[in-house]
>>> print(open('protein.csv').read())   # CSV, C-alpha atoms and all ligand atoms
chain,number,residue,atom,x,y,z
A,204,MET,CA,172.8,72.2,102.8
A,205,SER,CA,171.4,69.1,104.4
A,206,ASP,CA,172.1,65.4,104.8
A,207,LYS,CA,169.4,62.8,105.6
A,208,THR,CA,170.6,62.3,109.2
A,209,THR,CA,170.1,65.8,110.3
A,210,ARG,CA,166.7,66.8,111.7
A,211,GLN,CA,165.1,69.5,109.5
A,212,ILE,CA,162.1,71.7,110.1
A,213,THR,CA,160.5,74.4,108.0
A,214,LEU,CA,159.6,77.5,110.1
A,215,ALA,CA,157.6,80.4,108.7
A,216,PHE,CA,157.1,83.8,110.3
A,217,THR,CA,154.0,85.5,109.1
A,218,GLY,CA,152.5,88.9,109.9
A,219,ALA,CA,150.5,88.1,113.1
A,220,SER,CA,151.4,89.6,116.4
A,221,GLY,CA,153.8,87.3,118.3
A,222,ALA,CA,157.2,87.8,116.8
A,223,PRO,CA,158.8,86.8,120.2
A,224,TYR,CA,157.3,83.3,119.9
A,225,GLY,CA,158.8,82.8,116.5
A,226,TRP,CA,162.2,84.2,117.5
A,227,ARG,CA,162.4,82.0,120.6
A,228,LEU,CA,161.4,78.9,118.7
A,229,LEU,CA,164.1,79.6,116.1
A,230,GLN,CA,166.7,79.9,118.9
A,231,CYS,CA,165.6,76.7,120.5
A,232,LEU,CA,165.6,74.7,117.2
A,233,LEU,CA,169.1,75.9,116.3
A,234,ALA,CA,170.3,75.1,119.9
A,235,GLN,CA,169.2,71.5,119.2
A,236,GLN,CA,171.1,71.4,115.9
A,237,VAL,CA,168.0,71.3,113.9
A,238,GLN,CA,168.4,72.6,110.4
A,239,VAL,CA,165.8,75.3,109.9
A,240,HIS,CA,164.4,76.3,106.5
A,241,LEU,CA,163.1,79.8,107.3
A,242,LEU,CA,160.4,81.7,105.4
A,243,ILE,CA,159.5,85.2,106.3
A,244,SER,CA,156.6,87.1,104.9
A,245,SER,CA,156.9,90.9,104.2
A,246,ALA,CA,154.2,91.5,106.9
A,247,ALA,CA,156.3,89.4,109.4
A,248,ARG,CA,159.2,91.7,108.8
A,249,VAL,CA,157.0,94.7,109.8
A,250,VAL,CA,155.8,92.9,112.9
A,251,PHE,CA,159.4,91.9,113.9
A,252,ALA,CA,160.5,95.5,113.5
A,253,THR,CA,157.5,96.7,115.6
A,254,GLU,CA,157.5,94.1,118.4
A,255,HIS,CA,161.1,92.9,118.6
A,256,ASP,CA,163.1,95.8,117.3
A,257,ILE,CA,164.7,93.4,114.8
A,258,LYS,CA,164.9,94.7,111.2
A,259,LEU,CA,165.2,91.7,109.0
A,260,SER,CA,166.5,92.3,105.5
A,261,ALA,CA,164.1,91.6,102.6
A,262,ALA,CA,166.9,90.0,100.6
A,263,PRO,CA,167.0,86.3,101.7
A,264,ASP,CA,170.9,86.0,101.5
A,265,LYS,CA,171.4,89.1,103.5
A,266,CYS,CA,168.7,88.1,106.0
A,267,GLN,CA,170.4,84.7,106.4
A,268,ALA,CA,173.8,86.3,107.1
A,269,GLN,CA,172.2,88.7,109.5
A,270,LEU,CA,170.5,85.9,111.4
A,271,VAL,CA,173.6,83.7,111.5
A,272,GLU,CA,175.5,86.7,113.0
A,273,MET,CA,172.7,87.6,115.5
A,274,LEU,CA,172.1,84.1,116.6
A,275,GLN,CA,175.7,83.0,116.4
A,276,CYS,CA,174.7,79.7,114.8
A,277,PRO,CA,176.6,77.5,112.4
A,278,PRO,CA,175.7,78.7,108.9
A,279,HIS,CA,174.8,75.3,107.6
A,280,LEU,CA,171.9,75.1,110.1
A,281,LEU,CA,170.0,78.1,108.8
A,282,LYS,CA,168.6,78.7,105.2
A,283,VAL,CA,166.4,81.6,104.4
A,284,TYR,CA,164.3,81.6,101.2
A,285,GLY,CA,162.4,84.3,99.4
A,286,LYS,CA,158.7,84.2,98.8
A,287,ASP,CA,159.2,83.2,95.1
A,288,ASP,CA,162.0,80.7,95.6
A,289,TRP,CA,160.2,77.9,93.9
A,290,PHE,CA,163.4,75.9,93.5
A,291,SER,CA,163.9,75.6,97.2
A,292,PRO,CA,163.6,72.2,98.9
A,293,VAL,CA,160.4,73.3,100.8
A,294,ALA,CA,158.6,73.8,97.5
A,295,SER,CA,158.6,70.1,96.6
A,296,GLY,CA,157.4,67.0,98.3
A,297,SER,CA,160.5,65.3,97.1
A,298,ALA,CA,162.7,67.4,99.3
A,299,ALA,CA,160.7,69.3,101.9
A,300,PRO,CA,161.1,68.5,105.6
A,301,SER,CA,158.1,66.6,106.9
A,302,GLN,CA,157.5,69.1,109.8
A,303,MET,CA,156.5,72.7,109.4
A,304,VAL,CA,155.5,75.4,111.9
A,305,VAL,CA,154.0,78.7,111.1
A,306,CYS,CA,154.7,80.9,114.1
A,307,PRO,CA,153.1,83.3,114.4
A,308,CYS,CA,150.4,82.6,111.9
A,309,SER,CA,148.3,85.4,110.5
A,310,THR,CA,144.6,84.9,109.7
A,311,GLY,CA,145.6,85.8,106.1
A,312,SER,CA,148.1,82.9,105.9
A,313,LEU,CA,145.6,80.7,107.7
A,314,ALA,CA,143.0,81.4,105.0
A,315,ALA,CA,145.5,80.8,102.2
A,316,ILE,CA,146.6,77.5,103.7
A,317,ALA,CA,143.0,76.4,104.4
A,318,ASN,CA,142.1,77.1,100.8
A,319,GLY,CA,145.1,75.5,99.1
A,320,ALA,CA,146.4,78.8,97.7
A,321,SER,CA,150.0,78.6,96.9
A,322,GLU,CA,150.8,82.1,95.8
A,323,ASN,CA,154.0,82.5,97.9
A,324,LEU,CA,156.5,80.0,99.3
A,325,ILE,CA,155.0,79.9,102.8
A,326,GLU,CA,151.6,78.8,101.3
A,327,ARG,CA,153.3,76.4,98.9
A,328,ALA,CA,155.4,74.8,101.7
A,329,ALA,CA,152.4,74.3,103.9
A,330,ASP,CA,150.5,72.8,100.9
A,331,VAL,CA,153.4,70.4,100.4
A,332,VAL,CA,153.4,69.3,104.0
A,333,LEU,CA,149.7,68.7,103.8
A,334,LYS,CA,149.8,66.7,100.6
A,335,GLU,CA,152.7,64.6,101.9
A,336,ARG,CA,150.8,64.1,105.1
A,337,GLY,CA,153.5,65.6,107.3
A,338,GLN,CA,153.1,67.6,110.5
A,339,LEU,CA,151.9,71.1,110.2
A,340,ILE,CA,151.5,73.4,113.2
A,341,LEU,CA,149.9,76.8,113.0
A,342,VAL,CA,150.3,79.2,115.9
A,343,VAL,CA,147.4,81.4,115.0
A,344,ARG,CA,146.9,84.8,116.6
A,345,GLU,CA,143.9,87.0,116.4
A,346,SER,CA,141.2,88.1,118.8
A,347,PRO,CA,138.3,88.0,118.6
A,348,LEU,CA,138.0,85.3,116.0
A,349,ASN,CA,135.3,85.6,113.4
A,350,ALA,CA,133.4,82.7,111.8
A,351,ILE,CA,135.7,82.6,108.8
A,352,HIS,CA,138.8,82.2,111.0
A,353,LEU,CA,137.1,79.4,113.0
A,354,GLU,CA,135.9,77.6,109.8
A,355,HIS,CA,139.5,77.7,108.4
A,356,MET,CA,140.9,76.3,111.7
A,357,LEU,CA,138.2,73.6,111.9
A,358,LYS,CA,138.8,72.6,108.2
A,359,LEU,CA,142.6,72.3,108.8
A,360,ALA,CA,142.2,70.5,112.2
A,361,ARG,CA,140.1,67.9,110.4
A,362,LEU,CA,143.0,67.4,108.0
A,363,GLY,CA,145.3,66.7,110.9
A,364,VAL,CA,146.8,70.1,111.2
A,365,THR,CA,147.7,71.2,114.8
A,366,ILE,CA,146.1,74.5,115.6
A,367,MET,CA,148.0,75.9,118.5
A,368,PRO,CA,146.7,79.4,119.2
A,369,ALA,CA,149.2,81.8,120.8
A,370,ALA,CA,147.4,81.6,124.1
A,371,PRO,CA,149.9,80.9,126.9
A,372,GLY,CA,148.7,79.5,130.2
A,373,PHE,CA,149.5,81.1,133.6
A,374,TYR,CA,149.6,78.0,135.8
A,375,HIS,CA,153.4,78.0,135.6
A,376,GLN,CA,153.3,81.3,137.4
A,377,PRO,CA,155.1,83.4,134.8
A,378,LYS,CA,157.3,86.2,136.2
A,379,GLY,CA,157.4,88.1,132.9
A,380,ILE,CA,156.9,88.1,129.2
A,381,GLU,CA,159.8,85.6,128.6
A,382,ASP,CA,158.0,83.0,130.7
A,383,LEU,CA,154.8,83.4,128.7
A,384,VAL,CA,156.7,83.1,125.4
A,385,ASP,CA,158.5,80.0,126.8
A,386,PHE,CA,155.2,78.4,127.7
A,387,MET,CA,154.1,78.5,124.0
A,388,VAL,CA,157.5,77.4,122.7
A,389,ALA,CA,157.7,74.5,125.2
A,390,ARG,CA,154.4,73.2,123.9
A,391,LEU,CA,155.6,73.6,120.3
A,392,LEU,CA,158.8,71.7,121.1
A,393,ASP,CA,156.8,68.9,122.7
A,394,HIS,CA,154.7,68.6,119.6
A,395,LEU,CA,157.8,68.5,117.4
A,396,GLU,CA,159.1,65.8,119.7
A,397,LEU,CA,162.2,67.8,120.6
A,398,GLU,CA,163.7,68.3,124.1
A,399,GLN,CA,162.5,71.1,126.2
A,400,GLN,CA,163.3,72.3,129.7
A,401,LEU,CA,161.8,75.7,129.4
A,402,VAL,CA,158.7,74.9,131.5
A,403,PRO,CA,158.3,72.0,133.9
A,404,ARG,CA,155.7,69.4,132.9
A,405,TRP,CA,152.4,69.4,134.6
A,406,GLY,CA,152.7,67.2,137.7
A,407,TYR,CA,156.5,67.4,137.7
A,408,GLN,CA,156.9,71.0,139.0
A,409,GLY,CA,158.5,69.7,142.3
A,410,GLY,CA,161.2,68.0,140.3
A,411,ALA,CA,159.8,64.5,140.3
A,412,SER,CA,161.1,62.3,137.6
B,1,LIG,C1,152.1,95.1,114.0
B,1,LIG,C2,151.1,94.3,113.3
B,1,LIG,C3,150.4,93.3,114.0
B,1,LIG,C4,149.5,92.5,113.3
B,1,LIG,N1,148.8,91.6,114.1
B,1,LIG,C5,148.1,90.6,113.5
B,1,LIG,C6,147.5,89.6,114.2
B,1,LIG,O1,147.7,89.4,115.4
B,1,LIG,N2,146.8,88.6,113.5
B,1,LIG,C7,146.6,88.7,112.2
B,1,LIG,O2,145.9,87.8,111.6
B,1,LIG,N3,147.1,89.8,111.4
B,1,LIG,C8,147.8,90.7,112.0
B,1,LIG,N4,148.3,91.8,111.3
B,1,LIG,C9,148.0,91.9,109.9
B,1,LIG,C10,148.7,91.0,109.0
B,1,LIG,O3,150.1,91.3,109.0
B,1,LIG,C11,148.2,91.2,107.5
B,1,LIG,O4,146.9,90.7,107.4
B,1,LIG,C12,149.1,90.6,106.5
B,1,LIG,O5,148.6,90.8,105.2
B,1,LIG,C13,149.4,89.2,106.7
B,1,LIG,O6,150.2,88.7,105.7
B,1,LIG,P1,151.1,87.3,105.8
B,1,LIG,O7,150.1,86.3,106.2
B,1,LIG,O8,151.6,87.1,104.4
B,1,LIG,O9,152.2,87.6,106.7
B,1,LIG,C14,149.3,92.6,111.9
B,1,LIG,C15,150.0,93.6,111.2
B,1,LIG,C16,150.9,94.4,111.9
B,1,LIG,C17,151.7,95.4,111.1
>>> encode(input="protein.csv", output="structure tokens", more="lines below")
Ligand SMILES: Cc1cc2nc3c(=O)[nH]c(=O)nc-3n(C[C@H](O)[C@H](O)[C@H](O)COP(=O)(O)O)c2cc1C
Amino acid sequence: MSDKTTRQITLAFTGASGAPYGWRLLQCLLAQQVQVHLLISSAARVVFATEHDIKLSAAPDKCQAQLVEMLQCPPHLLKVYGKDDWFSPVASGSAAPSQMVVCPCSTGSLAAIANGASENLIERAADVVLKERGQLILVVRESPLNAIHLEHMLKLARLGVTIMPAAPGFYHQPKGIEDLVDFMVARLLDHLELEQQLVPRWGYQGGAS
């Protein structure tokens, strides 16, 4: 699927509220010709059907074909793996992309990642990025947060993980939900060091360069 010159990112959708963030991020990555290794938990499929009216197939191959069709992207840019696909590149430090985003990230997946559990491919892929000292970003969503959630986030932040709660700002004067989603996705693209023109940068709203 990949060559060494193409930018690659692992993206995981888990079962927290916030499917529109994940969907928009996927669109933006593909638009920049980033190869996306996509992992989708079974709870994430439920959330996508609930929040986004998108029914993602449980079969990785079918899901991949479905997404390529829906997003009109070149097939080589998107690869979907199942939760037990231990032979996928993301399962090994020898082949995994160095960047991974879990968006949205449930507190369940947060806990598993914080404790080094690798019972499914999402947890394993995050574990690999951690051990290889890559970049891991978790877009956690829950409210309120209990002490367990906070401890897990602190533990991971101390390991260099970027905890980016799904908490959009309002200072860009959003006109609707899409603007709130774009606020989060813009910050994610910034952290991934990818281009973004979704939201003007602070101090540049008037078009200054
Ligand atoms: C519609 C819906 C919304 C949910 N929202 C959240 C949420 O915001 N945060 C969270 O931690 N869990 C949420 N959950 C619960 C998780 O999906 C559940 O704990 C699941 O086991 C997480 O599994 P996963 O991490 O493998 O995706 C939600 C579930 C559903 C069906």
>>> residues_near_ligand(input="protein.csv", ligand="ligand LIG 1 (chain B)", cutoff="8 Å", atoms="only C-alpha atoms and all ligand atoms", output="list of chain:residue names")
A:Phe216, A:Thr217, A:Gly218, A:Ala219, A:Ser220, A:Gly221, A:Ile243, A:Ser244, A:Ser245, A:Ala246, A:Ala247, A:Val249, A:Val250, A:Phe251, A:Thr253, A:Glu254, A:Cys308, A:Ser309, A:Thr310, A:Gly311, A:Ser312, A:Leu313, A:Val343, A:Arg344, A:Glu345, A:Ser346
>>> residues_near_point(input="protein.csv", point="(159.8, 81.5, 97.1)", cutoff="12 Å", atoms="all atoms listed in the file", output="PyMOL selection string")
chain A and resi 215+240-244+262-263+283-295+321-328
>>> write_last_selection(input="protein.csv", atoms="C-alpha atoms", output="compact mmCIF listing (two decimals), in the coordinates of the input")
# COMPACT_ATOMS: atom_id res chain seq x y z
CA ALA A 215 157.60 80.40 108.70
CA HIS A 240 164.40 76.30 106.50
CA LEU A 241 163.10 79.80 107.30
CA LEU A 242 160.40 81.70 105.40
CA ILE A 243 159.50 85.20 106.30
CA SER A 244 156.60 87.10 104.90
CA ALA A 262 166.90 90.00 100.60
CA PRO A 263 167.00 86.30 101.70
CA VAL A 283 166.40 81.60 104.40
CA TYR A 284 164.30 81.60 101.20
CA GLY A 285 162.40 84.30 99.40
CA LYS A 286 158.70 84.20 98.80
CA ASP A 287 159.20 83.20 95.10
CA ASP A 288 162.00 80.70 95.60
CA TRP A 289 160.20 77.90 93.90
CA PHE A 290 163.40 75.90 93.50
CA SER A 291 163.90 75.60 97.20
CA PRO A 292 163.60 72.20 98.90
CA VAL A 293 160.40 73.30 100.80
CA ALA A 294 158.60 73.80 97.50
CA SER A 295 158.60 70.10 96.60
CA SER A 321 150.00 78.60 96.90
CA GLU A 322 150.80 82.10 95.80
CA ASN A 323 154.00 82.50 97.90
CA LEU A 324 156.50 80.00 99.30
CA ILE A 325 155.00 79.90 102.80
CA GLU A 326 151.60 78.80 101.30
CA ARG A 327 153.30 76.40 98.90
CA ALA A 328 155.40 74.80 101.70
>>> residues_around(input="protein.csv", residues="A:Gln376", least_positions_apart="4", cutoff="12 Å", atoms="all atoms listed in the file", output="CSV table (one decimal) with C-alpha atoms, in the coordinates of the input")
chain,number,residue,atom,x,y,z
A,371,PRO,CA,149.9,80.9,126.9
A,372,GLY,CA,148.7,79.5,130.2
A,380,ILE,CA,156.9,88.1,129.2
A,381,GLU,CA,159.8,85.6,128.6
A,382,ASP,CA,158.0,83.0,130.7
A,383,LEU,CA,154.8,83.4,128.7
A,385,ASP,CA,158.5,80.0,126.8
A,386,PHE,CA,155.2,78.4,127.7
A,402,VAL,CA,158.7,74.9,131.5
A,403,PRO,CA,158.3,72.0,133.9
A,408,GLN,CA,156.9,71.0,139.0
>>> closest_residue(input="protein.csv", among="A:Leu357, A:Val304, A:Val331, A:Leu395", to="A:Gln235", atoms="only C-alpha atoms")
A:Leu395
>>> atom_distance(input="protein.csv", atom1="atom CA of A:Thr213", atom2="atom CA of A:Leu333")
12.9 Å
>>> closest_residue(input="protein.csv", among="A:Gly296, A:Pro277, A:Pro307, A:Gly379", to="A:Gly337", atoms="only C-alpha atoms")
A:Gly296
>>> build_atoms(input="protein.csv", residues="stretch 330-356 of chain A", atoms="N, CA and C atoms", output="PDB file, in the coordinates of the input")
ATOM      1  N   ASP A 330     151.237  73.694 101.832  1.00  0.00           N
ATOM      2  CA  ASP A 330     150.500  72.800 100.900  1.00  0.00           C
ATOM      3  C   ASP A 330     151.220  71.500 100.714  1.00  0.00           C
ATOM      4  N   VAL A 331     152.542  71.614 100.563  1.00  0.00           N
ATOM      5  CA  VAL A 331     153.400  70.400 100.400  1.00  0.00           C
ATOM      6  C   VAL A 331     153.325  69.521 101.595  1.00  0.00           C
ATOM      7  N   VAL A 332     153.458  70.109 102.771  1.00  0.00           N
ATOM      8  CA  VAL A 332     153.400  69.300 104.000  1.00  0.00           C
ATOM      9  C   VAL A 332     152.062  68.606 104.122  1.00  0.00           C
ATOM     10  N   LEU A 333     151.011  69.313 103.776  1.00  0.00           N
ATOM     11  CA  LEU A 333     149.700  68.700 103.800  1.00  0.00           C
ATOM     12  C   LEU A 333     149.542  67.554 102.844  1.00  0.00           C
ATOM     13  N   LYS A 334     149.971  67.779 101.613  1.00  0.00           N
ATOM     14  CA  LYS A 334     149.800  66.700 100.600  1.00  0.00           C
ATOM     15  C   LYS A 334     150.661  65.507 100.892  1.00  0.00           C
ATOM     16  N   GLU A 335     151.806  65.757 101.541  1.00  0.00           N
ATOM     17  CA  GLU A 335     152.700  64.600 101.900  1.00  0.00           C
ATOM     18  C   GLU A 335     152.354  64.022 103.226  1.00  0.00           C
ATOM     19  N   ARG A 336     151.310  64.543 103.834  1.00  0.00           N
ATOM     20  CA  ARG A 336     150.800  64.100 105.100  1.00  0.00           C
ATOM     21  C   ARG A 336     151.898  64.137 106.218  1.00  0.00           C
ATOM     22  N   GLY A 337     152.559  65.308 106.220  1.00  0.00           N
ATOM     23  CA  GLY A 337     153.500  65.600 107.300  1.00  0.00           C
ATOM     24  C   GLY A 337     152.840  66.275 108.450  1.00  0.00           C
ATOM     25  N   GLN A 338     153.658  66.881 109.295  1.00  0.00           N
ATOM     26  CA  GLN A 338     153.100  67.600 110.500  1.00  0.00           C
ATOM     27  C   GLN A 338     153.152  69.067 110.272  1.00  0.00           C
ATOM     28  N   LEU A 339     151.984  69.667 110.326  1.00  0.00           N
ATOM     29  CA  LEU A 339     151.900  71.100 110.200  1.00  0.00           C
ATOM     30  C   LEU A 339     151.264  71.714 111.424  1.00  0.00           C
ATOM     31  N   ILE A 340     151.948  72.701 111.985  1.00  0.00           N
ATOM     32  CA  ILE A 340     151.500  73.400 113.200  1.00  0.00           C
ATOM     33  C   ILE A 340     151.304  74.850 112.920  1.00  0.00           C
ATOM     34  N   LEU A 341     150.126  75.368 113.221  1.00  0.00           N
ATOM     35  CA  LEU A 341     149.900  76.800 113.000  1.00  0.00           C
ATOM     36  C   LEU A 341     149.639  77.493 114.332  1.00  0.00           C
ATOM     37  N   VAL A 342     150.480  78.461 114.631  1.00  0.00           N
ATOM     38  CA  VAL A 342     150.300  79.200 115.900  1.00  0.00           C
ATOM     39  C   VAL A 342     149.559  80.510 115.501  1.00  0.00           C
ATOM     40  N   VAL A 343     148.265  80.332 115.431  1.00  0.00           N
ATOM     41  CA  VAL A 343     147.400  81.400 115.000  1.00  0.00           C
ATOM     42  C   VAL A 343     147.228  82.459 116.060  1.00  0.00           C
ATOM     43  N   ARG A 344     147.232  83.738 115.657  1.00  0.00           N
ATOM     44  CA  ARG A 344     146.900  84.800 116.600  1.00  0.00           C
ATOM     45  C   ARG A 344     146.002  85.836 116.068  1.00  0.00           C
ATOM     46  N   GLU A 345     144.846  85.917 116.664  1.00  0.00           N
ATOM     47  CA  GLU A 345     143.900  87.000 116.400  1.00  0.00           C
ATOM     48  C   GLU A 345     142.881  86.978 117.527  1.00  0.00           C
ATOM     49  N   SER A 346     142.286  88.112 117.803  1.00  0.00           N
ATOM     50  CA  SER A 346     141.200  88.100 118.800  1.00  0.00           C
ATOM     51  C   SER A 346     140.389  89.396 118.659  1.00  0.00           C
ATOM     52  N   PRO A 347     139.072  89.263 118.642  1.00  0.00           N
ATOM     53  CA  PRO A 347     138.300  88.000 118.600  1.00  0.00           C
ATOM     54  C   PRO A 347     138.459  87.309 117.284  1.00  0.00           C
ATOM     55  N   LEU A 348     138.003  86.079 117.255  1.00  0.00           N
ATOM     56  CA  LEU A 348     138.000  85.300 116.000  1.00  0.00           C
ATOM     57  C   LEU A 348     136.624  85.401 115.362  1.00  0.00           C
ATOM     58  N   ASN A 349     136.589  85.598 114.049  1.00  0.00           N
ATOM     59  CA  ASN A 349     135.300  85.600 113.400  1.00  0.00           C
ATOM     60  C   ASN A 349     135.010  84.173 112.824  1.00  0.00           C
ATOM     61  N   ALA A 350     133.833  83.999 112.274  1.00  0.00           N
ATOM     62  CA  ALA A 350     133.400  82.700 111.800  1.00  0.00           C
ATOM     63  C   ALA A 350     134.323  82.156 110.681  1.00  0.00           C
ATOM     64  N   ILE A 351     134.850  83.066 109.893  1.00  0.00           N
ATOM     65  CA  ILE A 351     135.700  82.600 108.800  1.00  0.00           C
ATOM     66  C   ILE A 351     137.025  82.031 109.389  1.00  0.00           C
ATOM     67  N   HIS A 352     137.599  82.729 110.377  1.00  0.00           N
ATOM     68  CA  HIS A 352     138.800  82.200 111.000  1.00  0.00           C
ATOM     69  C   HIS A 352     138.520  80.794 111.609  1.00  0.00           C
ATOM     70  N   LEU A 353     137.388  80.711 112.304  1.00  0.00           N
ATOM     71  CA  LEU A 353     137.100  79.400 113.000  1.00  0.00           C
ATOM     72  C   LEU A 353     136.820  78.328 111.966  1.00  0.00           C
ATOM     73  N   GLU A 354     136.158  78.668 110.861  1.00  0.00           N
ATOM     74  CA  GLU A 354     135.900  77.600 109.800  1.00  0.00           C
ATOM     75  C   GLU A 354     137.245  77.154 109.233  1.00  0.00           C
ATOM     76  N   HIS A 355     138.155  78.099 108.986  1.00  0.00           N
ATOM     77  CA  HIS A 355     139.500  77.700 108.400  1.00  0.00           C
ATOM     78  C   HIS A 355     140.202  76.784 109.391  1.00  0.00           C
ATOM     79  N   MET A 356     140.161  77.142 110.662  1.00  0.00           N
ATOM     80  CA  MET A 356     140.900  76.300 111.700  1.00  0.00           C
ATOM     81  C   MET A 356     140.243  74.937 111.776  1.00  0.00           C
TER      82      MET A 356
END
